[in-house]
Each structure stands twice: as C-alpha cells, then as structure tokens.
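S.K.: Structure below; questions to follow.
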Amino acid sequence: AKQLRSADQQVQREALLRDAVQQFQATLKIDPENVTAHYNLGLLFVELGEAETAKTHQELHARYKPDDN
C-alpha cells in the first residue's frame with residue numbers, strides 16, 4: 001500500500017489497508033492483548049484517516065506493551 005501513492009491508485013491502496021486491518025482484527029479475536037496488532041492497527045487507522053480508532057489502538061498498545069525497563 002505504501003507504494004501506491006498516486007490519486008488513480010487510491011482505491012487499490014485503501015483496499016490493501018482495509019485488508020491489513022481485517023487481518024489484524026482477526027488476530028485480536030484470538031489474542032485481544034496482542035501488542036503488535038494494536039500497534040499496526042494504530043498506524044493503519046492513521047493512514048485511513050480514522051483518528052479516533054487509531055488513538056484507541058495506540059492507547060491499547062501502550063497499555064499491553066511490556067515495560068522496557
């Protein structure tokens with residue numbers, strides 16, 4: 001999806017991003033605390049322009065992320 005930046009490729013780009021969202025949401029059905037899925041969903045929803053949903057996943061990522069110390 002990152003390679004598809006022109007206006008005529010917008011539909012294809014969004015379809016790829018939505019497919020990735022579905023894959024990560026399927027992961028969360030199995031493991032609701034999956035840190036990687038929440039992180040990537042946060043990035044994907046930013047790209048899709050869904051700021052509130054992105055913020056939710058960013059907060060969940062921070063919550064479930066192991067302490068770095």
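Just remember, in the structure tokens the first chain shown is A, the second B, etc., residues are 1-based per chain, and ligands are 1-based in the order shown.
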Excluding Thr53 in chain A and any residue of its chain fewer than 2 positions from it, enumerate the residues within 12 Å of it, using only C-alpha atoms, and give them as a PyMOL selection string.

M.R.: chain A and resi 21+38-51+55-60

S.K.: In Å, with one decimal, what is the gap from CA of Glu33 in chain A to CA of Ala62 in chain A?

M.R.: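 About the pair CA of Glu33 in chain A and CA of Ala62 in chain A: they are 10.7 Å apart.
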
S.K.: Return as a VMD selection string the full set of residues in chain A whose backbone-based DSSP assignment is alpha helix (DSSP H).

M.R.: chain A and resid 10 to 30 35 to 47 51 to 64

S.K.: Between CA of Gln23 in chain A and CA of Asp67 in chain A, what is the distance in Å, rounded to a tenth?

M.R.: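 Atom-to-atom, CA of Gln23 in chain A to CA of Asp67 in chain A, that is 26.2 Å.
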
S.K.: Considering only C-alpha atoms, state which residue in the set A:Leu17, A:Arg5, A:Arg63, A:Val11 is at the smallest distance from Val35 in chain A.

M.R.: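 Of all the options, A:Arg63 lies closest to Val35 in chain A.
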
S.K.: Near Arg13 in chain A, counting only C-alpha atoms, which residues have an atom at most 7 Å away, once you skip same-chain residues fewer than 4 positions from it, shown as a list of chain:residue names?

M.R.: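 That gives A:Ala1, A:Leu4, A:Gln9, A:Leu17.
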